[in-house]
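A.B. asks: Got a structure for you, questions after.
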Amino acid sequence: MATTIRNNEHLDSAKGFVEEMRSMAMKLHSKEQAKEGEKEAKEPQEQSVRKWEPSVEGFLKFLVDSKLVYETLEGIIDHDQAAFACYAELRNTGLERHESLTKDLKWFEEQGYAIPAPSLPGLTYSEYLKEISEKDSQAFICHFYNIYFAHSAGGRIIGKKIAEKLLDNKVLEFYKWDAGEVSQLLQNVRDKLNKVAEKWNREEKNHCLEETEKSFKLSGNILRLIIS
């Protein structure tokens, strides 16, 4: 069922459109995932991380598919001939992850693990990002926001639990940010996203918000690999 887009202009205007994006994303969390969540946990990945039974093999699939998605996303943003000029605002944020994932997968390989090829969830998301980036900047920006901000919040919690259960508390590079304090990096990106959204009318903003459900579905398919 499609998520209803309410008029969110009453939200704190000082926080800009990103606050609307955050509000929409939080509603799509399950009640087990977040206090503001409105959904019942129906899928395994929507349950509290405390209930997860991850495997190294599943986690490797997750890392490989995540690397493909980040490579795709960051390649689109960095491309000199990007379809939309606003993508240039989102370069070199310090949140980029594909190089960190490359290091982590090399570490696993050095430990004797076989690194799998990307699977259908990652391939599907990668192709979808390429497709919408060429024709729908609002939808693409929605995915950009949700991919990076989800990883910096719930993603770090997942990383901590995986480290405790599978990796003898080793913190992977995927869960480290060398370019500065992550809270400041996130605020810088909020400012950039708000700047981009200032040029959108209400219909375009609502279109961006409506894409949140698709973003959660595609990301959830990759997340589920950890416990598959």
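Every chain in the structure tokens has a letter given in the order shown (A, B, ...), and although residue numbers restart at 1 in each chain, ligands are simply numbered from 1 in the order shown.
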If you run DSSP on this backbone, which residues of stretch 59-215 of chain A come out as helix (DSSP H, G or I), and could you give them as a ChimeraX atom specification?

C.D. replies: /A:59-78,85-90,98-110,120-135,137-166,173-175,182-197,202-210,212-215

A.B. asks: Compile a residue-level contact table for stretch 7-88 of chain A against stretch 122-136 of chain A at a cut-off of 8 Å, reporting for every qualifying residue the shortest atom pair and its distance in Å to one decimal, with only C-alpha atoms counted, rows ordered by chain and ascending number, as a tab-separated table.

C.D. replies:
```
residue	atom	partner	partner_atom	distance
A:Val64	CA	A:Gly122	CA	8.0
A:Asp65	CA	A:Gly122	CA	4.3
A:Ser66	CA	A:Gly122	CA	6.6
A:Leu68	CA	A:Gly122	CA	6.4
A:Val69	CA	A:Ser126	CA	5.2
A:Thr72	CA	A:Ser126	CA	6.0
A:Leu73	CA	A:Leu129	CA	7.0
A:Ile76	CA	A:Ser133	CA	7.4
A:Ala82	CA	A:Glu134	CA	7.9
A:Ala83	CA	A:Glu134	CA	5.4
A:Phe84	CA	A:Glu134	CA	7.7
```

A.B. asks: Can you spit out the residues from that selection as a tab-separated table (two decimals), in the first residue's frame, using C-alpha atoms?

C.D. replies:
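Dumped to part22.tsv:
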```tsv
chain	number	residue	atom	x	y	z
A	64	VAL	CA	29.34	-7.02	-1.78
A	65	ASP	CA	25.90	-5.78	-2.80
A	66	SER	CA	26.29	-2.63	-0.71
A	68	LEU	CA	27.97	-2.15	-5.81
A	69	VAL	CA	25.22	0.27	-4.77
A	72	THR	CA	26.94	3.22	-8.59
A	73	LEU	CA	25.66	6.10	-6.48
A	76	ILE	CA	26.71	9.02	-10.81
A	82	ALA	CA	25.76	14.07	-14.89
A	83	ALA	CA	22.19	14.39	-16.13
A	84	PHE	CA	21.34	17.03	-13.50
```

A.B. asks: Report as a PyMOL selection string all protein, DNA and RNA residues lying within 6 Å of stretch 184-199 of chain A, evaluated on only C-alpha atoms, omitting residues in the same chain fewer than 2 positions from it.

C.D. replies: chain A and resi 16-17+181-182

A.B. asks: Neighbours of stretch 141-151 of chain A within 7 Å (only C-alpha atoms; same-chain residues fewer than 5 positions away dropped), as a list of chain:residue names?

C.D. replies: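 In the requested form, the answer reads A:Leu95, A:Arg156, A:Cys208, A:Leu209, A:Glu211, A:Thr212, A:Ser215.
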
A.B. asks: Write out as a VMD selection string each polymer residue whose atoms come within 9 Å of A:Ile115, counting only C-alpha atoms; drop sequence neighbours fewer than 5 positions from it.

C.D. replies: chain A and resid 57 60 to 61 64 105 to 106 108 to 109

A.B. asks: Residues of stretch 51-71 of chain A within 9 Å of stretch 158-170 of chain A: nearest atom pair and distance (Å, one decimal) for each, counting only C-alpha atoms, sorted by chain and number, as CSV?

C.D. replies:
```
residue,atom,partner,partner_atom,distance
A:Glu53,CA,A:Lys165,CA,8.7
A:Pro54,CA,A:Ile162,CA,7.3
A:Ser55,CA,A:Leu166,CA,7.3
A:Val56,CA,A:Leu166,CA,6.7
A:Phe59,CA,A:Ile162,CA,8.3
```

A.B. asks: So, with only C-alpha atoms as the atoms that count, which of A:Asn221, A:Gln45, A:Ser183, A:Gln138 lies closest to A:Arg202?

C.D. replies: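 Smallest separation from A:Arg202 among the options: A:Gln138.
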
A.B. asks: Find the distance between atom CA of A:Gly58 and atom CA of A:Leu223 and write it in Å to one decimal.

C.D. replies: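 It comes out at 9.5 Å.
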
A.B. asks: For A:Ser137, which residue out of A:Glu36, A:Glu46, A:Glu210, A:Glu204 is the nearest one, using only C-alpha atoms?

C.D. replies: A:Glu204
